[in-house]
Structures are given as C-alpha cells and as structure tokens.
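Okay, data.cif now, which holds mmCIF, C-alpha atoms and all ligand atoms:
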data_work
#
loop_
_atom_site.group_PDB
_atom_site.id
_atom_site.type_symbol
_atom_site.label_atom_id
_atom_site.label_comp_id
_atom_site.auth_asym_id
_atom_site.auth_seq_id
_atom_site.Cartn_x
_atom_site.Cartn_y
_atom_site.Cartn_z
ATOM 1 C CA MET Q 562 8.337 -21.722 4.688
ATOM 2 C CA ASP Q 563 5.242 -21.470 6.870
ATOM 3 C CA LEU Q 564 4.602 -17.787 7.565
ATOM 4 C CA GLN Q 565 2.274 -18.779 10.420
ATOM 5 C CA LEU Q 566 -0.535 -16.573 9.159
ATOM 6 C CA GLN Q 567 -3.199 -19.271 9.327
ATOM 7 C CA GLY Q 568 -6.433 -17.901 10.807
ATOM 8 C CA ARG Q 569 -5.047 -14.436 11.528
ATOM 9 C CA PRO Q 570 -7.551 -11.627 10.884
ATOM 10 C CA ALA Q 571 -6.268 -9.099 8.352
ATOM 11 C CA ALA Q 572 -7.562 -5.988 6.607
ATOM 12 C CA VAL Q 573 -6.073 -4.642 3.382
ATOM 13 C CA PHE Q 574 -6.993 -1.044 2.589
ATOM 14 C CA GLY Q 575 -6.907 -0.468 -1.158
ATOM 15 C CA GLY Q 576 -7.112 -4.243 -1.384
ATOM 16 C CA ALA Q 577 -9.391 -4.483 -4.401
ATOM 17 C CA GLY Q 578 -6.914 -3.435 -7.080
ATOM 18 C CA GLY Q 579 -3.284 -3.367 -8.133
ATOM 19 C CA ILE Q 580 -0.649 -4.099 -5.494
ATOM 20 C CA GLY Q 581 -3.216 -4.188 -2.657
ATOM 21 C CA ALA Q 582 -5.183 -6.938 -4.420
ATOM 22 C CA ARG Q 583 -2.012 -8.984 -4.820
ATOM 23 C CA ILE Q 584 -1.202 -8.538 -1.128
ATOM 24 C CA ALA Q 585 -4.742 -9.609 -0.185
ATOM 25 C CA THR Q 586 -4.440 -12.665 -2.428
ATOM 26 C CA VAL Q 587 -1.095 -13.733 -0.950
ATOM 27 C CA LEU Q 588 -2.276 -13.207 2.644
ATOM 28 C CA ALA Q 589 -5.409 -15.252 1.916
ATOM 29 C CA ALA Q 590 -3.334 -18.004 0.292
ATOM 30 C CA GLU Q 591 -1.229 -18.090 3.480
ATOM 31 C CA GLY Q 592 -4.391 -18.672 5.506
ATOM 32 C CA ALA Q 593 -5.186 -15.172 6.803
ATOM 33 C CA ARG Q 594 -8.863 -14.247 7.162
ATOM 34 C CA LEU Q 595 -9.313 -11.243 4.952
ATOM 35 C CA THR Q 596 -11.235 -8.000 4.888
ATOM 36 C CA ILE Q 597 -10.820 -6.179 1.602
ATOM 37 C CA ALA Q 598 -11.498 -2.476 2.099
ATOM 38 C CA ASP Q 599 -11.597 -0.271 -0.955
ATOM 39 C CA ARG Q 600 -13.332 2.784 -2.339
ATOM 40 C CA ASP Q 601 -14.355 0.523 -5.213
ATOM 41 C CA ARG Q 602 -16.853 -1.657 -3.375
ATOM 42 C CA GLN Q 603 -17.768 -3.732 -6.428
ATOM 43 C CA ALA Q 604 -14.141 -4.648 -7.082
ATOM 44 C CA ALA Q 605 -13.728 -5.511 -3.386
ATOM 45 C CA GLU Q 606 -16.765 -7.794 -3.550
ATOM 46 C CA ALA Q 607 -15.499 -9.444 -6.730
ATOM 47 C CA LEU Q 608 -12.105 -10.173 -5.148
ATOM 48 C CA ALA Q 609 -13.685 -11.447 -1.916
ATOM 49 C CA ALA Q 610 -15.803 -13.838 -3.990
ATOM 50 C CA ARG Q 611 -12.707 -15.016 -5.915
ATOM 51 C CA LEU Q 612 -10.766 -15.592 -2.685
ATOM 52 C CA GLY Q 613 -13.675 -17.627 -1.316
ATOM 53 C CA GLY Q 614 -13.876 -18.710 2.322
ATOM 54 C CA ASP Q 615 -15.239 -16.023 4.595
ATOM 55 C CA ALA Q 616 -13.466 -13.028 3.024
ATOM 56 C CA LEU Q 617 -15.300 -9.792 3.764
ATOM 57 C CA ALA Q 618 -15.628 -6.850 1.349
ATOM 58 C CA CYS Q 619 -16.134 -3.294 2.649
ATOM 59 C CA GLY Q 620 -16.620 -0.075 0.721
ATOM 60 C CA CYS Q 621 -14.301 2.445 2.381
ATOM 61 C CA ASP Q 622 -12.617 5.729 1.599
ATOM 62 C CA VAL Q 623 -9.446 5.781 3.735
ATOM 63 C CA SER Q 624 -9.695 9.535 4.163
ATOM 64 C CA VAL Q 625 -12.985 9.209 6.093
ATOM 65 C CA ARG Q 626 -12.528 8.381 9.789
ATOM 66 C CA ASP Q 627 -15.887 6.662 10.322
ATOM 67 C CA GLU Q 628 -15.485 4.479 7.258
ATOM 68 C CA VAL Q 629 -12.040 3.286 8.335
ATOM 69 C CA ARG Q 630 -13.295 2.567 11.846
ATOM 70 C CA GLU Q 631 -16.265 0.681 10.433
ATOM 71 C CA VAL Q 632 -13.900 -1.605 8.474
ATOM 72 C CA VAL Q 633 -11.974 -2.382 11.651
ATOM 73 C CA ASN Q 634 -15.157 -2.924 13.693
ATOM 74 C CA ARG Q 635 -16.639 -5.248 11.079
ATOM 75 C CA THR Q 636 -13.381 -7.215 10.887
ATOM 76 C CA VAL Q 637 -13.272 -7.629 14.658
ATOM 77 C CA GLU Q 638 -16.930 -8.714 14.700
ATOM 78 C CA ARG Q 639 -16.467 -11.197 11.888
ATOM 79 C CA PHE Q 640 -13.068 -12.680 12.755
ATOM 80 C CA GLY Q 641 -12.794 -12.018 16.477
ATOM 81 C CA GLY Q 642 -9.972 -9.478 16.239
ATOM 82 C CA LEU Q 643 -7.584 -7.656 13.923
ATOM 83 C CA GLN Q 644 -3.927 -8.674 13.811
ATOM 84 C CA ILE Q 645 -2.774 -7.437 10.414
ATOM 85 C CA ALA Q 646 -3.498 -4.177 8.592
ATOM 86 C CA VAL Q 647 -1.988 -3.140 5.285
ATOM 87 C CA GLN Q 648 -2.509 0.410 4.027
ATOM 88 C CA ALA Q 649 -1.926 0.209 0.257
ATOM 89 C CA VAL Q 650 -3.941 3.225 -0.903
ATOM 90 C CA GLY Q 651 -1.836 5.972 -2.433
ATOM 91 C CA LEU Q 652 -2.649 8.578 -5.053
ATOM 92 C CA THR Q 653 0.054 9.678 -7.481
ATOM 93 C CA LEU Q 654 -0.788 13.169 -8.699
ATOM 94 C CA ALA Q 655 2.380 14.305 -10.467
ATOM 95 C CA ASN Q 656 3.212 17.920 -11.383
ATOM 96 C CA TRP Q 657 6.194 20.224 -11.736
ATOM 97 C CA LEU Q 658 6.547 22.461 -8.673
ATOM 98 C CA PRO Q 659 5.150 25.684 -10.250
ATOM 99 C CA ASP Q 660 2.077 23.811 -11.490
ATOM 100 C CA ILE Q 661 1.065 22.080 -8.247
ATOM 101 C CA THR Q 662 -2.508 23.052 -7.402
ATOM 102 C CA ASP Q 663 -4.317 23.295 -4.074
ATOM 103 C CA ARG Q 664 -6.357 20.313 -5.196
ATOM 104 C CA ASP Q 665 -3.202 18.214 -5.802
ATOM 105 C CA ILE Q 666 -2.073 19.048 -2.272
ATOM 106 C CA ASP Q 667 -5.431 18.587 -0.543
ATOM 107 C CA VAL Q 668 -6.332 15.313 -2.225
ATOM 108 C CA THR Q 669 -2.888 13.786 -1.677
ATOM 109 C CA PHE Q 670 -2.731 14.891 1.953
ATOM 110 C CA ASN Q 671 -6.218 13.595 2.660
ATOM 111 C CA VAL Q 672 -5.777 10.189 1.101
ATOM 112 C CA ASN Q 673 -2.070 9.341 1.416
ATOM 113 C CA MET Q 674 -1.341 11.020 4.730
ATOM 114 C CA LYS Q 675 -4.549 11.490 6.715
ATOM 115 C CA GLY Q 676 -5.825 8.119 5.457
ATOM 116 C CA SER Q 677 -2.703 6.376 6.761
ATOM 117 C CA ILE Q 678 -3.047 7.990 10.186
ATOM 118 C CA LEU Q 679 -6.705 6.948 10.356
ATOM 119 C CA VAL Q 680 -5.803 3.351 9.491
ATOM 120 C CA ALA Q 681 -3.066 3.317 12.148
ATOM 121 C CA GLN Q 682 -5.366 4.768 14.813
ATOM 122 C CA ALA Q 683 -8.212 2.363 14.150
ATOM 123 C CA ALA Q 684 -6.103 -0.760 13.630
ATOM 124 C CA VAL Q 685 -3.694 -0.451 16.544
ATOM 125 C CA GLU Q 686 -6.486 -0.576 19.159
ATOM 126 C CA PRO Q 687 -7.575 -4.202 18.549
ATOM 127 C CA MET Q 688 -3.950 -5.177 17.880
ATOM 128 C CA ARG Q 689 -2.923 -3.948 21.324
ATOM 129 C CA ALA Q 690 -5.908 -5.717 22.852
ATOM 130 C CA GLY Q 691 -4.876 -9.006 21.236
ATOM 131 C CA GLY Q 692 -1.144 -8.583 21.943
ATOM 132 C CA TYR Q 693 -0.215 -9.046 18.266
ATOM 133 C CA GLY Q 694 -0.161 -6.528 15.472
ATOM 134 C CA ARG Q 695 1.439 -6.015 12.100
ATOM 135 C CA LEU Q 696 0.890 -2.696 10.386
ATOM 136 C CA VAL Q 697 2.387 -2.300 6.909
ATOM 137 C CA PHE Q 698 2.227 0.885 4.856
ATOM 138 C CA ILE Q 699 2.926 0.703 1.152
ATOM 139 C CA GLY Q 700 5.314 3.571 0.501
ATOM 140 C CA SER Q 701 7.363 4.118 -2.627
ATOM 141 C CA GLY Q 702 10.879 4.534 -3.932
ATOM 142 C CA SER Q 703 9.827 8.194 -4.020
ATOM 143 C CA GLY Q 704 9.626 7.981 -0.238
ATOM 144 C CA MET Q 705 13.264 6.851 0.016
ATOM 145 C CA LYS Q 706 14.631 9.402 -2.434
ATOM 146 C CA GLY Q 707 12.469 12.277 -3.646
ATOM 147 C CA SER Q 708 11.282 12.187 -7.260
ATOM 148 C CA ALA Q 709 11.464 15.259 -9.485
ATOM 149 C CA GLY Q 710 8.022 16.257 -10.727
ATOM 150 C CA MET Q 711 6.450 14.429 -7.794
ATOM 151 C CA ALA Q 712 7.092 16.690 -4.811
ATOM 152 C CA VAL Q 713 3.682 16.212 -3.219
ATOM 153 C CA TYR Q 714 3.658 12.450 -3.725
ATOM 154 C CA SER Q 715 7.266 12.104 -2.513
ATOM 155 C CA ALA Q 716 6.489 14.155 0.593
ATOM 156 C CA SER Q 717 3.449 12.003 1.316
ATOM 157 C CA LYS Q 718 5.539 8.828 1.045
ATOM 158 C CA PHE Q 719 8.333 10.199 3.281
ATOM 159 C CA PHE Q 720 5.552 11.054 5.730
ATOM 160 C CA LEU Q 721 4.662 7.347 6.032
ATOM 161 C CA ARG Q 722 8.138 6.639 7.339
ATOM 162 C CA GLY Q 723 7.746 9.109 10.204
ATOM 163 C CA LEU Q 724 4.307 7.732 10.938
ATOM 164 C CA ALA Q 725 5.415 4.093 10.973
ATOM 165 C CA HIS Q 726 8.465 4.892 13.056
ATOM 166 C CA ALA Q 727 6.417 6.700 15.709
ATOM 167 C CA VAL Q 728 3.654 4.074 15.749
ATOM 168 C CA GLY Q 729 6.231 1.289 15.956
ATOM 169 C CA LEU Q 730 7.827 2.910 19.009
ATOM 170 C CA GLU Q 731 4.489 3.646 20.653
ATOM 171 C CA ALA Q 732 2.832 0.278 20.091
ATOM 172 C CA GLY Q 733 5.932 -1.943 20.026
ATOM 173 C CA PRO Q 734 5.694 -2.891 23.710
ATOM 174 C CA ALA Q 735 2.200 -4.313 22.997
ATOM 175 C CA GLY Q 736 3.546 -6.683 20.318
ATOM 176 C CA VAL Q 737 2.700 -4.392 17.408
ATOM 177 C CA THR Q 738 5.138 -3.582 14.608
ATOM 178 C CA ALA Q 739 4.761 -0.872 11.964
ATOM 179 C CA ASN Q 740 6.861 -0.836 8.806
ATOM 180 C CA VAL Q 741 6.934 0.756 5.361
ATOM 181 C CA VAL Q 742 7.497 -1.215 2.163
ATOM 182 C CA CYS Q 743 8.798 0.955 -0.686
ATOM 183 C CA PRO Q 744 8.436 -0.496 -4.186
ATOM 184 C CA SER Q 745 9.986 0.939 -7.316
ATOM 185 C CA ASP Q 746 7.755 1.208 -10.425
ATOM 186 C CA VAL Q 747 5.243 -1.645 -10.653
ATOM 187 C CA TYR Q 748 3.744 -1.612 -14.128
ATOM 188 C CA PRO Q 749 0.316 -3.003 -14.985
ATOM 189 C CA GLU Q 750 0.570 -6.470 -16.472
ATOM 190 C CA GLY Q 751 -1.899 -8.375 -18.644
ATOM 191 C CA ASP Q 752 -5.471 -7.881 -17.512
ATOM 192 C CA GLU Q 753 -4.527 -6.570 -14.066
ATOM 193 C CA PRO Q 754 -6.915 -3.919 -12.743
ATOM 194 C CA ALA Q 755 -6.038 -0.230 -13.061
ATOM 195 C CA MET Q 756 -2.895 0.776 -11.221
ATOM 196 C CA THR Q 757 -1.075 3.964 -10.387
ATOM 197 C CA TRP Q 758 0.283 3.998 -13.941
ATOM 198 C CA HIS Q 759 -3.137 4.687 -15.367
ATOM 199 C CA ASP Q 760 -2.839 8.184 -13.867
ATOM 200 C CA PRO Q 761 -2.137 10.422 -16.888
ATOM 201 C CA THR Q 762 -0.282 13.056 -14.827
ATOM 202 C CA LEU Q 763 2.245 10.444 -13.687
ATOM 203 C CA VAL Q 764 2.825 9.133 -17.199
ATOM 204 C CA ARG Q 765 3.173 12.647 -18.674
ATOM 205 C CA ILE Q 766 5.618 13.953 -16.057
ATOM 206 C CA SER Q 767 7.649 10.713 -16.056
ATOM 207 C CA CYS Q 768 7.978 10.773 -19.868
ATOM 208 C CA GLU Q 769 8.997 14.445 -19.787
ATOM 209 C CA LYS Q 770 11.597 13.660 -17.158
ATOM 210 C CA GLU Q 771 13.114 10.772 -19.094
ATOM 211 C CA ASN Q 772 12.727 12.557 -22.418
ATOM 212 C CA VAL Q 773 10.856 9.622 -23.979
ATOM 213 C CA PRO Q 774 7.750 9.788 -26.170
ATOM 214 C CA ASP Q 775 5.453 7.327 -24.389
ATOM 215 C CA PHE Q 776 4.844 4.930 -21.518
ATOM 216 C CA GLU Q 777 6.308 1.902 -23.314
ATOM 217 C CA ALA Q 778 9.589 3.728 -23.968
ATOM 218 C CA LEU Q 779 9.645 4.874 -20.327
ATOM 219 C CA ARG Q 780 9.145 1.343 -19.078
ATOM 220 C CA LYS Q 781 11.935 -0.027 -21.301
ATOM 221 C CA ARG Q 782 14.377 2.703 -20.286
ATOM 222 C CA ARG Q 783 13.804 2.234 -16.565
ATOM 223 C CA ILE Q 784 14.052 -1.543 -16.799
ATOM 224 C CA ALA Q 785 17.327 -1.280 -18.751
ATOM 225 C CA ARG Q 786 18.733 1.003 -16.034
ATOM 226 C CA ASN Q 787 17.715 -1.194 -13.091
ATOM 227 C CA PRO Q 788 20.482 -3.464 -11.771
ATOM 228 C CA ALA Q 789 18.027 -6.408 -11.883
ATOM 229 C CA ARG Q 790 17.053 -5.540 -15.500
ATOM 230 C CA ARG Q 791 13.377 -5.836 -14.685
ATOM 231 C CA ALA Q 792 10.630 -3.876 -12.980
ATOM 232 C CA CYS Q 793 9.254 -4.575 -9.524
ATOM 233 C CA THR Q 794 6.178 -6.812 -9.545
ATOM 234 C CA ALA Q 795 3.142 -6.835 -7.299
ATOM 235 C CA ASP Q 796 4.323 -10.271 -6.146
ATOM 236 C CA ASP Q 797 7.679 -8.850 -5.005
ATOM 237 C CA VAL Q 798 5.783 -6.388 -2.821
ATOM 238 C CA ALA Q 799 3.185 -8.879 -1.623
ATOM 239 C CA TRP Q 800 5.652 -11.495 -0.394
ATOM 240 C CA LEU Q 801 7.747 -9.007 1.588
ATOM 241 C CA THR Q 802 4.538 -7.626 3.078
ATOM 242 C CA ALA Q 803 3.337 -11.126 3.989
ATOM 243 C CA PHE Q 804 6.660 -11.824 5.694
ATOM 244 C CA LEU Q 805 6.429 -8.602 7.699
ATOM 245 C CA CYS Q 806 2.954 -9.718 8.851
ATOM 246 C CA SER Q 807 4.343 -12.983 10.152
ATOM 247 C CA PRO Q 808 5.383 -13.762 13.748
ATOM 248 C CA LEU Q 809 8.785 -14.530 12.181
ATOM 249 C CA ALA Q 810 9.205 -10.781 11.547
ATOM 250 C CA GLY Q 811 8.449 -9.702 15.122
ATOM 251 C CA TYR Q 812 11.834 -7.995 15.564
ATOM 252 C CA ILE Q 813 11.493 -5.925 12.376
ATOM 253 C CA ASN Q 814 9.833 -2.756 13.592
ATOM 254 C CA ALA Q 815 9.765 0.932 12.578
ATOM 255 C CA GLN Q 816 11.706 0.180 9.386
ATOM 256 C CA THR Q 817 11.535 1.292 5.781
ATOM 257 C CA ILE Q 818 12.395 -1.451 3.308
ATOM 258 C CA GLY Q 819 12.933 -0.908 -0.416
ATOM 259 C CA VAL Q 820 11.828 -3.412 -3.058
ATOM 260 C CA ASN Q 821 13.677 -2.022 -6.049
ATOM 261 C CA GLY Q 822 16.286 -4.422 -7.422
ATOM 262 C CA GLY Q 823 18.925 -1.987 -6.187
ATOM 263 C CA GLY Q 824 17.650 0.976 -8.205
ATOM 264 C CA LEU Q 825 16.243 4.213 -6.824
ATOM 265 C CA PRO Q 826 13.997 6.769 -8.569
ATOM 266 C CA THR Q 827 15.009 9.843 -10.533
HETATM 267 N N1 LIG T 1 2.323 0.980 -9.154
HETATM 268 C C1 LIG T 1 3.503 1.524 -8.895
HETATM 269 O O1 LIG T 1 4.355 1.736 -9.770
HETATM 270 C C2 LIG T 1 3.852 1.902 -7.484
HETATM 271 C C3 LIG T 1 5.196 2.135 -7.175
HETATM 272 C C4 LIG T 1 5.532 2.491 -5.871
HETATM 273 C C5 LIG T 1 4.550 2.603 -4.912
HETATM 274 N N2 LIG T 1 3.251 2.371 -5.246
HETATM 275 C C6 LIG T 1 2.267 2.489 -4.182
HETATM 276 O O2 LIG T 1 1.587 1.265 -4.050
HETATM 277 C C7 LIG T 1 0.242 1.473 -3.639
HETATM 278 C C8 LIG T 1 -0.713 0.765 -4.587
HETATM 279 O O3 LIG T 1 -0.452 1.209 -5.901
HETATM 280 P P1 LIG T 1 -1.238 0.617 -7.167
HETATM 281 O O4 LIG T 1 -0.438 1.005 -8.358
HETATM 282 O O5 LIG T 1 -1.552 -0.794 -6.930
HETATM 283 O O6 LIG T 1 -2.534 1.550 -7.061
HETATM 284 P P2 LIG T 1 -4.022 1.453 -7.658
HETATM 285 O O7 LIG T 1 -4.252 2.713 -8.394
HETATM 286 O O8 LIG T 1 -4.238 0.174 -8.379
HETATM 287 O O9 LIG T 1 -4.919 1.561 -6.363
HETATM 288 C C9 LIG T 1 -5.054 0.545 -5.409
HETATM 289 C C10 LIG T 1 -6.462 0.542 -4.874
HETATM 290 O O10 LIG T 1 -6.719 1.708 -4.076
HETATM 291 C C11 LIG T 1 -8.114 2.014 -4.191
HETATM 292 N N3 LIG T 1 -8.354 3.403 -3.741
HETATM 293 C C12 LIG T 1 -8.029 4.555 -4.360
HETATM 294 N N4 LIG T 1 -8.380 5.609 -3.592
HETATM 295 C C13 LIG T 1 -8.924 5.107 -2.449
HETATM 296 C C14 LIG T 1 -9.459 5.687 -1.258
HETATM 297 N N5 LIG T 1 -9.503 7.021 -1.081
HETATM 298 N N6 LIG T 1 -9.915 4.860 -0.284
HETATM 299 C C15 LIG T 1 -9.886 3.515 -0.443
HETATM 300 N N7 LIG T 1 -9.409 2.915 -1.550
HETATM 301 C C16 LIG T 1 -8.917 3.699 -2.547
HETATM 302 C C17 LIG T 1 -8.391 1.789 -5.658
HETATM 303 O O11 LIG T 1 -9.782 1.607 -5.884
HETATM 304 C C18 LIG T 1 -7.553 0.536 -5.954
HETATM 305 O O12 LIG T 1 -8.325 -0.645 -5.792
HETATM 306 C C19 LIG T 1 0.056 2.997 -3.599
HETATM 307 O O13 LIG T 1 0.251 3.442 -2.277
HETATM 308 C C20 LIG T 1 1.184 3.515 -4.486
HETATM 309 O O14 LIG T 1 1.597 4.815 -4.127
HETATM 310 C C21 LIG T 1 2.875 2.020 -6.495
#
This structure in structure tokens:
Amino acid sequence: MDLQLQGRPAAVFGGAGGIGARIATVLAAEGARLTIADRDRQAAEALAARLGGDALACGCDVSVRDEVREVVNRTVERFGGLQIAVQAVGLTLANWLPDITDRDIDVTFNVNMKGSILVAQAAVEPMRAGGYGRLVFIGSGSGMKGSAGMAVYSASKFFLRGLAHAVGLEAGPAGVTANVVCPSDVYPEGDEPAMTWHDPTLVRISCEKENVPDFEALRKRRIARNPARRACTADDVAWLTAFLCSPLAGYINAQTIGVNGGGLPT
C-alpha cells in the first residue's frame, strides 16, 4: 500500500532513540523528508546519517519553547513546510503515591505535558498554512487505563488525549488531524538504543506490582497474559503512526488508538 508520504516534510521529536527512531525510520522509508529532533543531538545526527538523503538532525529539549520552534523553523526552511509532526518524547518516572516527589511531578509535567503543547503550537502553524497536517502524540496504555505506581505518568498520558482532541477540533477545518497512539510495553530488543525500560524506577515499581524478582520475569509474565502472547514492538507503533500521517487517514481525527494486542495495563 502506498501511504502517499513521498516528499512530505516531517519532524519526529524524540526521534533519535527507541520508538521515535523506529517511527523516523519508517517515515523516511515511505519517502517523507525527515527532521530528527532529540535532546541527544549526537544520536540524532547518527540516525540522520544512517537514513541518508537530506535528513536533518536538531538538538532539542521539547520542554523549551524556543528550541521546539527552532526545529519547526529549520524544517520549514529546509523542506519548504511541515506536514507531519510526531511527539514521541515521554519520561516514565514511576513511584507509589506517597513517594512521589516534587521533582517527579515537575519533570514529567515539563517534558510530557508542556513539551507536547509546545510541539502542537509550533507545528500546527505551518500545517495550517499548507492546508495539510498530521500531528501524532505517542501516549501509552497507561493513558487509556491508569497504571498503579505510575500516577504521574498515567496522568501525563491521559493529558495527551485532551490535548489531541482539542487540537484536532481547532485545526481540523484547516486539514490538520491530531491523534494519540497508545502502545503497551515495548521492550528493548537486541542492540536497540536505550528505551523507557532502562529507567530503574519503572522496572522496580513494575516488578513490585507483579511480584516478580526481575525485568526478565516481568517481561515473560506480561507476554503470557497478553491475548497476542507477545509484547508490542516499535514497528507496531511506527506503522500505525505512519498510516495516521497519510492522506488516507484524513478522516481519523481527535482519536486515541491502542496498540496492545487486546491487553491493557495493570
Ligand atoms: N517503551 C515502552 O514500553 C513504552 C510503552 C508505552 C508508551 N511509551 C511511550 O513511547 C515514547 C517513546 O518511548 P521509548 O521507550 O522509545 O523512550 P526512550 O527512552 O527511548 O526515549 C525516546 C527519545 O526521547 C529522547 N528524549 C528524552 N527526553 C527528551 C527531551 N526532554 N527532549 C527531547 N528529546 C528527549 C531520548 O533522547 C530518546 O532518543 C514515550 O512517550 C513513552 O512514554 C513507551
């Protein structure tokens, strides 16, 4: 199937690692012209070089307004517009309710929530101007059903749904859609770069919750419980995201879509 992404300018925030890198790779393979924006500038440059063509790498912290705007401005300058923006950055600081610190709250709010608003604000402008826009936020199963031990993270992922819904209604008449893609656990595979699961707070709380001794046991237990008997992969997320970026998905707006094999978090 031709997703009709050839030549379309796209920016992936958090595009240098994990799920974001997979999304960037799939969009590039489908012909999109890519900006990879990530706090890890070196990793962004390495991926841009691997993708080849005219892929652009930008160092960017999504919680900083000027840096997000700069990514959008550079994309517009380089590719003549911005039609696709994916916000994949999301921190996963896990803690039981009594132990949640001000830092957990502030950091998560700044990156997961404020960062997503900043991306929406900056990206929608050139999308409106060009009459075509696809905004995709990477949410989480914890944004479809709250996760115990992850109140702050869950709240930040539910937040994305309100944001996407409102943006989709506001910008829809200009040909812009905004949707949230909610994966279940995506575990690091092989030599993949660091992912969410390298966060020790997430591993500790998840193991305590499932009453298992370590990450491997956690992974096995959750896979055995999933109706598909496997975990979500970065590819599962990337292909749905690519479809949502396509003109073929123009009538899918302000939606939250799970990628979870039928399983939801605990
Ligand atoms: N991995 C999972 O199990 C899983 C499950 C559900 C949802 N998610 C969501 O998917 C998204 C990606 O997860 P991942 O596991 O690939 O994450 P990851 O830890 O690999 O991070 C992705 C990228 O974000 C970059 N980044 C971190 N902070 C940043 C900032 N402030 N500004 C710009 N870039 C920043 C990192 O450098 C990295 O390249 C997140 O939103 C996460 O909440 C992940």
For this session: Name the residues, by chain letter and number, that sit within 7 Å of ligand LIG 1 (chain T) using only C-alpha atoms and all ligand atoms, and give them as a ChimeraX atom specification.
Result: /Q:574-581,598-601,621-624,649-653,672,699-702,743-748,754-758
For this session: Starting from the shown file, work through the PyMOL selection byres (((chain Q and resi 682) around 12) and not hetatm) and note down what comes out as an MDAnalysis selection string.
Result: chainID Q and resid 623 626:627 629:630 633 646 648 675:681 683:689 696 724:725 727:728 731:732 739
Using all atoms of region 677-688 of chain Q that appear in the file, construct an axis-aligned enclosing box with 8 Å of padding on every side and provide its centre coordinates and edge lengths in Å, rounded to one decimal, as JSON.
{"center_x": -5.5, "center_y": 1.4, "center_z": 13.0, "size_x": 21.5, "size_y": 29.2, "size_z": 28.4}
For this session: Please identify all polymer residues lying at most 6 Å from the point (3.2, 12.0, -14.8) (file coordinates), using all atoms listed in the file, and present the result as a PyMOL selection string.
Result: chain Q and resi 655+761-767
For this session: Show me as an MDAnalysis selection string the residues that reach within 12 Å of (-14.1, -8.5, 12.1), counting all atoms listed in the file and using the file's own coordinates.
Result: chainID Q and resid 569:572 594:598 615:619 630:646 684 687
Problem set entry | Nearest to Val697 (chain Q), chosen from Q:Gly723, Q:Ser717, Q:Glu771, Q:Val573, with all atoms listed in the file counted in the distances |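 That would be Q:Val573, the residue with the smallest distance to Val697 (chain Q).
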Exercise. Written as a list of chain:residue names, which residues does the PyMOL selection byres (((chain Q and resi 567) around 9) and not hetatm) give for the file shown?
Worked result: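 This file gives the following for the PyMOL selection byres (((chain Q and resi 567) around 9) and not hetatm): Q:Leu564, Q:Gln565, Q:Leu566, Q:Gly568, Q:Arg569, Q:Pro570, Q:Ala589, Q:Glu591, Q:Gly592, Q:Ala593, Q:Arg594.
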